[in-house]
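So this one's start.pdb, PDB, C-alpha atoms:
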```pdb
ATOM      1  CA  MET H  56       0.000   0.000   0.000
ATOM      2  CA  THR H  57       1.427   3.361  -1.031
ATOM      3  CA  LYS H  58       1.738   6.253   1.389
ATOM      4  CA  LEU H  59      -0.962   8.193  -0.545
ATOM      5  CA  THR H  60      -3.363   5.249  -0.370
ATOM      6  CA  MET H  61      -2.833   4.953   3.374
ATOM      7  CA  VAL H  62      -3.532   8.659   3.856
ATOM      8  CA  LEU H  63      -6.744   8.486   1.810
ATOM      9  CA  ALA H  64      -7.934   5.413   3.718
ATOM     10  CA  SER H  65      -7.316   7.195   7.016
ATOM     11  CA  ILE H  66      -9.268  10.251   5.862
ATOM     12  CA  LEU H  67     -12.251   8.136   4.766
ATOM     13  CA  ALA H  68     -12.252   6.221   8.052
ATOM     14  CA  TRP H  69     -12.148   9.479  10.021
ATOM     15  CA  PHE H  70     -14.969  10.937   7.925
ATOM     16  CA  ALA H  71     -17.272   7.983   8.548
ATOM     17  CA  THR H  72     -16.589   8.114  12.308
ATOM     18  CA  ALA H  73     -16.599  11.852  12.862
ATOM     19  CA  HIS H  74     -19.458  12.697  10.486
ATOM     20  CA  PRO H  75     -22.053   9.906  10.722
ATOM     21  CA  VAL H  76     -24.912  12.234   9.787
ATOM     22  CA  LEU H  77     -23.249  13.334   6.566
ATOM     23  CA  ALA H  78     -22.293   9.775   5.728
ATOM     24  CA  GLN H  79     -25.910   8.719   6.239
ATOM     25  CA  GLN H  80     -27.085  11.394   3.816
ATOM     26  CA  VAL H  81     -24.729  10.099   1.155
ATOM     27  CA  ARG H  82     -25.819   6.479   1.598
ATOM     28  CA  PRO H  83     -29.451   6.331   2.773
ATOM     29  CA  GLY H  84     -30.714   3.049   4.197
ATOM     30  CA  ILE H  85     -33.640   2.457   1.839
ATOM     31  CA  GLU H  86     -33.188  -0.811  -0.051
ATOM     32  CA  ARG H  87     -36.257  -1.710  -2.075
ATOM     33  CA  LEU H  88     -39.924  -1.006  -2.777
ATOM     34  CA  TYR H  89     -42.769  -3.488  -3.273
ATOM     35  CA  VAL H  90     -45.968  -2.452  -5.071
ATOM     36  CA  LEU H  91     -49.037  -4.174  -3.602
ATOM     37  CA  TYR H  92     -52.466  -4.691  -5.146
ATOM     38  CA  CYS H  93     -54.994  -3.355  -2.638
ATOM     39  CA  GLY H  94     -58.293  -3.640  -4.516
ATOM     40  CA  GLU H  95     -60.452  -1.965  -7.140
ATOM     41  CA  ILE H  96     -63.370   0.449  -6.929
ATOM     42  CA  ALA H  97     -66.187   0.351  -9.477
ATOM     43  CA  LEU H  98     -67.711   3.834  -9.452
ATOM     44  CA  ASN H  99     -71.309   4.732 -10.240
ATOM     45  CA  ASP H 100     -70.265   8.248 -11.283
ATOM     46  CA  MET H 101     -66.661   8.908 -12.297
ATOM     47  CA  GLY H 102     -67.363  12.640 -12.198
ATOM     48  CA  ARG H 103     -67.408  12.626  -8.392
ATOM     49  CA  PHE H 104     -63.682  11.896  -8.436
ATOM     50  CA  SER H 105     -62.610  13.276 -11.816
ATOM     51  CA  PRO H 106     -64.468  16.493 -12.702
ATOM     52  CA  GLY H 107     -65.509  16.658 -16.339
ATOM     53  CA  PHE H 108     -66.309  12.962 -16.617
ATOM     54  CA  SER H 109     -69.741  11.355 -16.273
ATOM     55  CA  GLY H 110     -71.050   7.844 -16.042
ATOM     56  CA  PRO H 111     -69.457   4.733 -14.512
ATOM     57  CA  GLY H 112     -65.722   4.464 -13.960
ATOM     58  CA  MET H 113     -62.985   2.504 -12.221
ATOM     59  CA  LEU H 114     -60.226   3.302  -9.755
ATOM     60  CA  THR H 115     -57.404   1.017  -8.677
ATOM     61  CA  ASP H 116     -56.225   0.834  -5.062
ATOM     62  CA  THR H 117     -52.461   0.586  -4.489
ATOM     63  CA  CYS H 118     -50.275   0.170  -1.411
ATOM     64  CA  TYR H 119     -46.483   0.261  -1.136
ATOM     65  CA  LEU H 120     -44.084  -1.612   1.147
ATOM     66  CA  ILE H 121     -40.622  -0.160   1.750
ATOM     67  CA  LYS H 122     -37.624  -2.026   3.097
ATOM     68  CA  HIS H 123     -35.265   0.252   4.975
ATOM     69  CA  ALA H 124     -32.260  -0.605   7.114
ATOM     70  CA  GLN H 125     -34.197   0.745  10.104
ATOM     71  CA  GLY H 126     -37.313  -1.349   9.436
ATOM     72  CA  TRP H 127     -40.281  -2.008   7.173
ATOM     73  CA  LEU H 128     -42.726   0.781   6.287
ATOM     74  CA  LEU H 129     -46.148   0.204   4.710
ATOM     75  CA  TRP H 130     -47.869   3.051   2.884
ATOM     76  CA  ASP H 131     -51.671   2.675   3.076
ATOM     77  CA  THR H 132     -53.513  -0.613   3.640
ATOM     78  CA  GLY H 133     -56.179  -0.538   0.922
ATOM     79  CA  LEU H 134     -59.536  -2.262   1.053
ATOM     80  CA  GLY H 135     -60.079  -4.684   3.898
ATOM     81  CA  ASP H 136     -58.992  -8.278   3.284
ATOM     82  CA  ALA H 137     -62.529  -9.391   4.159
ATOM     83  CA  VAL H 138     -63.736  -7.929   0.846
ATOM     84  CA  ALA H 139     -61.801 -10.663  -0.989
ATOM     85  CA  ALA H 140     -64.305 -13.195   0.396
ATOM     86  CA  MET H 141     -67.287 -11.307  -1.062
ATOM     87  CA  PRO H 142     -67.986 -12.572  -4.622
ATOM     88  CA  ALA H 143     -70.154  -9.551  -5.443
ATOM     89  CA  GLY H 144     -67.891  -7.090  -3.658
ATOM     90  CA  GLN H 145     -68.831  -4.645  -0.933
ATOM     91  CA  PRO H 146     -71.221  -1.807  -1.795
ATOM     92  CA  SER H 147     -70.056   1.687  -0.857
ATOM     93  CA  ASN H 148     -71.571   5.141  -1.197
ATOM     94  CA  ALA H 149     -69.654   5.592  -4.456
ATOM     95  CA  GLY H 150     -70.071   2.151  -6.049
ATOM     96  CA  VAL H 151     -68.643  -1.284  -5.264
ATOM     97  CA  TRP H 152     -65.346  -2.294  -3.639
ATOM     98  CA  ARG H 153     -63.693  -5.448  -4.972
ATOM     99  CA  ASN H 154     -60.572  -7.269  -3.854
ATOM    100  CA  LYS H 155     -59.011 -10.201  -5.710
ATOM    101  CA  LYS H 156     -56.024 -10.757  -3.427
ATOM    102  CA  THR H 157     -55.544 -10.079   0.263
ATOM    103  CA  LEU H 158     -52.833  -7.834   1.616
ATOM    104  CA  ALA H 159     -51.844 -10.521   4.141
ATOM    105  CA  SER H 160     -51.228 -13.073   1.373
ATOM    106  CA  GLN H 161     -49.018 -10.639  -0.541
ATOM    107  CA  LEU H 162     -46.906  -9.960   2.532
ATOM    108  CA  ALA H 163     -46.558 -13.726   3.012
ATOM    109  CA  GLU H 164     -45.319 -14.095  -0.578
ATOM    110  CA  ILE H 165     -42.542 -11.631   0.231
ATOM    111  CA  GLY H 166     -41.742 -13.562   3.371
ATOM    112  CA  ILE H 167     -42.764 -11.070   6.055
ATOM    113  CA  LYS H 168     -45.476 -11.065   8.705
ATOM    114  CA  PRO H 169     -47.688  -8.086   9.591
ATOM    115  CA  SER H 170     -45.829  -7.981  12.921
ATOM    116  CA  ASP H 171     -42.599  -7.218  11.004
ATOM    117  CA  VAL H 172     -43.928  -3.816   9.902
ATOM    118  CA  ARG H 173     -42.439  -1.033  12.010
ATOM    119  CA  TYR H 174     -44.210   1.987  10.509
ATOM    120  CA  LEU H 175     -47.708   2.273   9.065
ATOM    121  CA  ALA H 176     -47.881   5.513   7.090
ATOM    122  CA  LEU H 177     -51.358   6.461   5.908
ATOM    123  CA  SER H 178     -52.234   9.060   3.304
ATOM    124  CA  HIS H 179     -55.510   9.724   5.109
ATOM    125  CA  SER H 180     -58.337   8.012   6.971
ATOM    126  CA  HIS H 181     -60.846   7.046   4.252
ATOM    127  CA  GLY H 182     -61.965   3.426   4.142
ATOM    128  CA  ASP H 183     -60.198   2.395   0.942
ATOM    129  CA  HIS H 184     -56.859   3.372   2.510
ATOM    130  CA  VAL H 185     -57.239   2.090   6.073
ATOM    131  CA  GLY H 186     -59.092  -1.185   5.492
ATOM    132  CA  ASN H 187     -56.364  -3.351   7.017
ATOM    133  CA  VAL H 188     -55.010  -1.140   9.790
ATOM    134  CA  ASP H 189     -56.058  -3.732  12.379
ATOM    135  CA  LEU H 190     -53.522  -6.202  10.924
ATOM    136  CA  PHE H 191     -50.711  -4.033  12.329
ATOM    137  CA  PRO H 192     -51.460  -3.283  16.005
ATOM    138  CA  GLN H 193     -47.742  -3.221  16.882
ATOM    139  CA  ALA H 194     -46.822  -0.704  14.181
ATOM    140  CA  THR H 195     -46.364   3.002  14.756
ATOM    141  CA  LEU H 196     -48.823   5.142  12.816
ATOM    142  CA  LEU H 197     -47.372   7.965  10.734
ATOM    143  CA  VAL H 198     -50.170  10.471  10.113
ATOM    144  CA  GLN H 199     -50.701  14.186  10.114
ATOM    145  CA  LYS H 200     -51.970  15.577  13.415
ATOM    146  CA  ALA H 201     -54.836  17.286  11.597
ATOM    147  CA  GLU H 202     -55.993  13.902  10.293
ATOM    148  CA  TYR H 203     -55.573  12.149  13.633
ATOM    149  CA  ASP H 204     -57.592  14.829  15.441
ATOM    150  CA  TRP H 205     -60.357  14.944  12.792
ATOM    151  CA  ALA H 206     -63.484  13.465  14.352
ATOM    152  CA  GLY H 207     -64.992  10.524  12.521
ATOM    153  CA  PRO H 208     -68.693   9.748  11.984
ATOM    154  CA  ASN H 209     -70.694  10.158  15.197
ATOM    155  CA  ASN H 210     -67.594  11.744  16.746
ATOM    156  CA  THR H 211     -65.668   8.458  16.686
ATOM    157  CA  GLN H 212     -61.882   8.179  16.460
ATOM    158  CA  ARG H 213     -60.532   7.493  12.996
ATOM    159  CA  PHE H 214     -57.505   5.483  14.159
ATOM    160  CA  PRO H 215     -57.158   2.790  16.846
ATOM    161  CA  PRO H 216     -56.402   4.736  20.042
ATOM    162  CA  ALA H 217     -54.168   1.951  21.396
ATOM    163  CA  MET H 218     -51.729   2.228  18.477
ATOM    164  CA  LYS H 219     -48.552   4.244  18.898
ATOM    165  CA  ALA H 220     -48.666   7.265  16.634
ATOM    166  CA  ILE H 221     -46.347   9.948  15.322
ATOM    167  CA  LYS H 222     -48.601  12.911  14.559
ATOM    168  CA  ALA H 223     -46.721  15.068  12.094
ATOM    169  CA  ASP H 224     -47.405  18.770  11.778
ATOM    170  CA  GLY H 225     -46.244  19.226   8.196
ATOM    171  CA  ASP H 226     -43.473  17.446   6.284
ATOM    172  CA  HIS H 227     -41.609  14.762   8.211
ATOM    173  CA  ASP H 228     -38.379  12.824   7.546
ATOM    174  CA  VAL H 229     -39.278   9.306   8.676
ATOM    175  CA  PHE H 230     -35.832   7.702   9.001
ATOM    176  CA  GLY H 231     -33.718  10.837   9.317
ATOM    177  CA  ASP H 232     -31.786  10.226   6.094
ATOM    178  CA  GLY H 233     -34.097  11.941   3.584
ATOM    179  CA  SER H 234     -35.045   8.670   1.865
ATOM    180  CA  VAL H 235     -38.700   8.600   3.005
ATOM    181  CA  MET H 236     -40.566  11.859   3.574
ATOM    182  CA  LEU H 237     -44.158  12.588   4.551
ATOM    183  CA  ILE H 238     -45.341  15.547   2.455
ATOM    184  CA  ALA H 239     -48.293  17.454   3.899
ATOM    185  CA  THR H 240     -50.964  17.988   1.213
ATOM    186  CA  PRO H 241     -54.232  18.808   3.018
ATOM    187  CA  GLY H 242     -57.415  19.348   1.055
ATOM    188  CA  HIS H 243     -58.890  15.970   0.187
ATOM    189  CA  SER H 244     -59.091  15.565   3.956
ATOM    190  CA  PRO H 245     -57.857  17.873   6.744
ATOM    191  CA  GLY H 246     -54.567  16.023   7.187
ATOM    192  CA  HIS H 247     -53.952  14.349   3.853
ATOM    193  CA  GLN H 248     -50.317  13.579   3.034
ATOM    194  CA  CYS H 249     -48.258  12.193   0.151
ATOM    195  CA  LEU H 250     -45.089  10.115   0.426
ATOM    196  CA  LEU H 251     -41.741  10.939  -1.185
ATOM    197  CA  VAL H 252     -39.437   7.922  -1.572
ATOM    198  CA  LYS H 253     -35.880   8.040  -2.908
ATOM    199  CA  LEU H 254     -34.775   4.660  -4.237
ATOM    200  CA  PRO H 255     -31.077   4.012  -4.925
ATOM    201  CA  LYS H 256     -31.593   2.931  -8.564
ATOM    202  CA  THR H 257     -35.122   3.937  -9.594
ATOM    203  CA  GLY H 258     -34.768   7.448  -8.202
ATOM    204  CA  ALA H 259     -37.320   9.628  -6.427
ATOM    205  CA  LEU H 260     -41.040   8.795  -6.459
ATOM    206  CA  LEU H 261     -43.998  10.734  -5.073
ATOM    207  CA  PHE H 262     -47.048   8.660  -4.088
ATOM    208  CA  SER H 263     -50.207  10.699  -4.571
ATOM    209  CA  GLY H 264     -52.623   9.233  -2.062
ATOM    210  CA  ASP H 265     -55.935  10.930  -2.890
ATOM    211  CA  ALA H 266     -54.437  14.353  -3.549
ATOM    212  CA  VAL H 267     -54.744  13.172  -7.158
ATOM    213  CA  HIS H 268     -57.205  10.444  -8.174
ATOM    214  CA  THR H 269     -56.515  10.351 -11.913
ATOM    215  CA  LYS H 270     -53.944  11.430 -14.460
ATOM    216  CA  ALA H 271     -56.574  13.708 -16.009
ATOM    217  CA  ASN H 272     -56.968  15.529 -12.699
ATOM    218  CA  TRP H 273     -53.221  16.058 -12.538
ATOM    219  CA  ASP H 274     -52.833  17.138 -16.161
ATOM    220  CA  LEU H 275     -55.722  19.601 -15.917
ATOM    221  CA  LYS H 276     -54.934  20.676 -12.325
ATOM    222  CA  ARG H 277     -58.372  19.981 -10.944
ATOM    223  CA  ALA H 278     -59.785  18.361  -7.811
ATOM    224  CA  PRO H 279     -63.153  16.896  -6.824
ATOM    225  CA  THR H 280     -65.521  19.501  -5.430
ATOM    226  CA  GLN H 281     -66.583  16.972  -2.775
ATOM    227  CA  ASN H 282     -63.158  17.168  -1.136
ATOM    228  CA  PHE H 283     -62.977  18.469   2.430
ATOM    229  CA  ASP H 284     -61.509  21.769   1.193
ATOM    230  CA  HIS H 285     -61.516  22.292  -2.573
ATOM    231  CA  ALA H 286     -59.323  25.407  -2.596
ATOM    232  CA  GLN H 287     -56.801  23.711  -0.330
ATOM    233  CA  SER H 288     -56.855  20.686  -2.657
ATOM    234  CA  LEU H 289     -55.782  22.863  -5.574
ATOM    235  CA  ARG H 290     -52.962  24.353  -3.500
ATOM    236  CA  ALA H 291     -51.854  20.797  -2.705
ATOM    237  CA  LEU H 292     -51.352  20.206  -6.434
ATOM    238  CA  ASP H 293     -48.997  23.186  -6.552
ATOM    239  CA  ARG H 294     -47.117  21.852  -3.538
ATOM    240  CA  MET H 295     -46.746  18.457  -5.222
ATOM    241  CA  ALA H 296     -45.418  20.105  -8.382
ATOM    242  CA  GLU H 297     -42.791  21.897  -6.278
ATOM    243  CA  VAL H 298     -41.707  18.618  -4.643
ATOM    244  CA  LEU H 299     -41.501  16.832  -7.995
ATOM    245  CA  LYS H 300     -39.302  19.583  -9.418
ATOM    246  CA  GLN H 301     -37.118  19.943  -6.330
ATOM    247  CA  HIS H 302     -36.353  16.214  -6.112
ATOM    248  CA  ASN H 303     -36.556  15.355  -9.818
ATOM    249  CA  ALA H 304     -39.253  12.862  -8.830
ATOM    250  CA  GLU H 305     -41.856  10.870 -10.742
ATOM    251  CA  LEU H 306     -45.515  11.005  -9.681
ATOM    252  CA  TRP H 307     -47.243   7.660  -9.073
ATOM    253  CA  ILE H 308     -51.034   7.961  -8.896
ATOM    254  CA  GLY H 309     -52.303   4.993  -6.909
ATOM    255  CA  HIS H 310     -55.916   5.226  -8.108
ATOM    256  CA  GLU H 311     -55.117   5.679 -11.832
ATOM    257  CA  PRO H 312     -56.089   2.435 -13.661
ATOM    258  CA  THR H 313     -53.772   3.056 -16.617
ATOM    259  CA  GLU H 314     -50.733   3.038 -14.323
ATOM    260  CA  ALA H 315     -51.346  -0.462 -12.950
ATOM    261  CA  PRO H 316     -49.943  -2.314 -16.012
ATOM    262  CA  LYS H 317     -46.744  -0.251 -15.775
ATOM    263  CA  ARG H 318     -45.898  -1.384 -12.245
ATOM    264  CA  LYS H 319     -43.902  -4.397 -11.074
ATOM    265  CA  TYR H 320     -46.108  -5.925  -8.387
ATOM    266  CA  ALA H 321     -44.885  -7.984  -5.432
ATOM    267  CA  PRO H 322     -43.112 -10.302  -5.015
ATOM    268  CA  ASP H 323     -41.121  -8.399  -7.650
ATOM    269  CA  TYR H 324     -39.685  -5.094  -6.477
ATOM    270  CA  CYS H 325     -37.959  -1.848  -7.406
ATOM    271  CA  GLU H 326     -34.563  -0.760  -6.108
TER
END
```

Will you turn the file into structure tokens for me?
Amino acid sequence: MTKLTMVLASILAWFATAHPVLAQQVRPGIERLYVLYCGEIALNDMGRFSPGFSGPGMLTDTCYLIKHAQGWLLWDTGLGDAVAAMPAGQPSNAGVWRNKKTLASQLAEIGIKPSDVRYLALSHSHGDHVGNVDLFPQATLLVQKAEYDWAGPNNTQRFPPAMKAIKADGDHDVFGDGSVMLIATPGHSPGHQCLLVKLPKTGALLFSGDAVHTKANWDLKRAPTQNFDHAQSLRALDRMAEVLKQHNAELWIGHEPTEAPKRKYAPDYCE
């Protein structure tokens, strides 16, 4: 080993020891991303969710599982697994929920148990996103405080009160290395949030939650008038555009049916 090589090795060793935070920023701990099928929604009136359309329509329901050095994180839980046992689906106020494959079975294919999930990050509290929350009683909820405090029907709580919860007040760096970020995008609901994920090979992705239901909504910068706060929903689109530009990220719209064929679903994964 030359003298120069020895000096460089010493410098690198010192850097890793003396500056662990900086070293972590250079090499974040996120490893891979699994895309999970979480159901389908047959709509009676597509216009309720995509202004300008009328008549029946369809939305997909997508969840995402992230493997990080500090633990597993699940983004949304989709329609309840019980719906998979209903041949005709489950009627809802917007149409019919259908589920061809349970979330639990997809986790088993990957080789993990619900108890392995450390963080359960939820875009918001609507039924097609929280249908399987009860599978993860040991997980720590990652939600916006405004969503957690929002009273449910008949003044009920929207999340299991016994679950540990981190109630974010705005954007939040989940693992402290910038690889997984909660992005506050209220409007669809009081505490709606998106998720920014930075994969080592695929690059940065922004998961829409219900801030955007369809590609048409995004392209035309419009939001359903039935949202909790329509004006706030439109501002959320601007915020998302800023995040996409800042991080050179790609937008993944979980409810957009035309995106489903483009995704690699579990047990396959993205890095």

Please identify all polymer residues within 12 Å of H:Lys168, counting all atoms listed in the file, omitting same-chain residues fewer than 2 positions from it, and present them as an MDAnalysis selection string.
chainID H and resid 127 129 158:166 170:173 190:191 193:194

Please identify all polymer residues within 12 Å of H:Glu305, counting all atoms listed in the file, omitting same-chain residues fewer than 2 positions from it, and present them as a PDB file with C-alpha atoms, in the coordinates of the input.
```
ATOM      1  CA  LEU H 250     -45.089  10.115   0.426  1.00  0.00           C
ATOM      2  CA  LEU H 251     -41.741  10.939  -1.185  1.00  0.00           C
ATOM      3  CA  VAL H 252     -39.437   7.922  -1.572  1.00  0.00           C
ATOM      4  CA  LYS H 253     -35.880   8.040  -2.908  1.00  0.00           C
ATOM      5  CA  LEU H 254     -34.775   4.660  -4.237  1.00  0.00           C
ATOM      6  CA  THR H 257     -35.122   3.937  -9.594  1.00  0.00           C
ATOM      7  CA  GLY H 258     -34.768   7.448  -8.202  1.00  0.00           C
ATOM      8  CA  ALA H 259     -37.320   9.628  -6.427  1.00  0.00           C
ATOM      9  CA  LEU H 260     -41.040   8.795  -6.459  1.00  0.00           C
ATOM     10  CA  LEU H 261     -43.998  10.734  -5.073  1.00  0.00           C
ATOM     11  CA  PHE H 262     -47.048   8.660  -4.088  1.00  0.00           C
ATOM     12  CA  SER H 263     -50.207  10.699  -4.571  1.00  0.00           C
ATOM     13  CA  MET H 295     -46.746  18.457  -5.222  1.00  0.00           C
ATOM     14  CA  ALA H 296     -45.418  20.105  -8.382  1.00  0.00           C
ATOM     15  CA  GLU H 297     -42.791  21.897  -6.278  1.00  0.00           C
ATOM     16  CA  VAL H 298     -41.707  18.618  -4.643  1.00  0.00           C
ATOM     17  CA  LEU H 299     -41.501  16.832  -7.995  1.00  0.00           C
ATOM     18  CA  LYS H 300     -39.302  19.583  -9.418  1.00  0.00           C
ATOM     19  CA  GLN H 301     -37.118  19.943  -6.330  1.00  0.00           C
ATOM     20  CA  HIS H 302     -36.353  16.214  -6.112  1.00  0.00           C
ATOM     21  CA  ASN H 303     -36.556  15.355  -9.818  1.00  0.00           C
ATOM     22  CA  TRP H 307     -47.243   7.660  -9.073  1.00  0.00           C
ATOM     23  CA  ILE H 308     -51.034   7.961  -8.896  1.00  0.00           C
TER      24      ILE H 308
END
```

Pick from H:Pro215, H:Gly246, H:Pro192, H:Gly94, whichever lies nearest to H:Ala137 using only C-alpha atoms
H:Gly94

In Å to one decimal, how far is atom CA of H:Leu177 from atom CA of H:Asp293?
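Atom CA of H:Leu177 lies 21.0 Å from atom CA of H:Asp293.
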
How many Å lie between atom CA of H:Val267 and atom CA of H:Ala201, rounded to one decimal?
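Rounded to one decimal, the two atoms are 19.2 Å apart.
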
Among the residues H:Cys118, H:Leu88, H:Gly207, H:Ser109, the one that comes closest to H:Pro255 [using all atoms listed in the file]:
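Of H:Cys118, H:Leu88, H:Gly207, H:Ser109, the one nearest H:Pro255 is H:Leu88, counting all atoms listed in the file.
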
Around the point (-53.9, 11.3, -6.2) (coordinates from the file), which residues reach within 9 Å if we count only C-alpha atoms? Answer as a PyMOL selection string.
chain H and resi 249+262-270+272-273+307-311

For H:Asp100, please output as a ChimeraX atom specification all residues within 9 Å (counting all atoms listed in the file; exclusion window: fewer than 6 positions along the same chain).
/H:108-112,149-150

Save out the residues we just selected, C-alpha atoms, as a tab-separated table (two decimals), keeping the file's coordinate frame.
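out-v2.tsv, freshly written:
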```tsv
chain	number	residue	atom	x	y	z
H	108	PHE	CA	-66.31	12.96	-16.62
H	109	SER	CA	-69.74	11.36	-16.27
H	110	GLY	CA	-71.05	7.84	-16.04
H	111	PRO	CA	-69.46	4.73	-14.51
H	112	GLY	CA	-65.72	4.46	-13.96
H	149	ALA	CA	-69.65	5.59	-4.46
H	150	GLY	CA	-70.07	2.15	-6.05
```

Would you compute the distance between atom CA of H:Thr115 and atom CA of H:Asp224? Give it in Å to one decimal.
28.9 Å

The PyMOL selection byres ((chain H and resi 119-124) around 7) applied to the shown file, residues as an NGL selection string:
:H and (84-91 or 117-118 or 125-130)
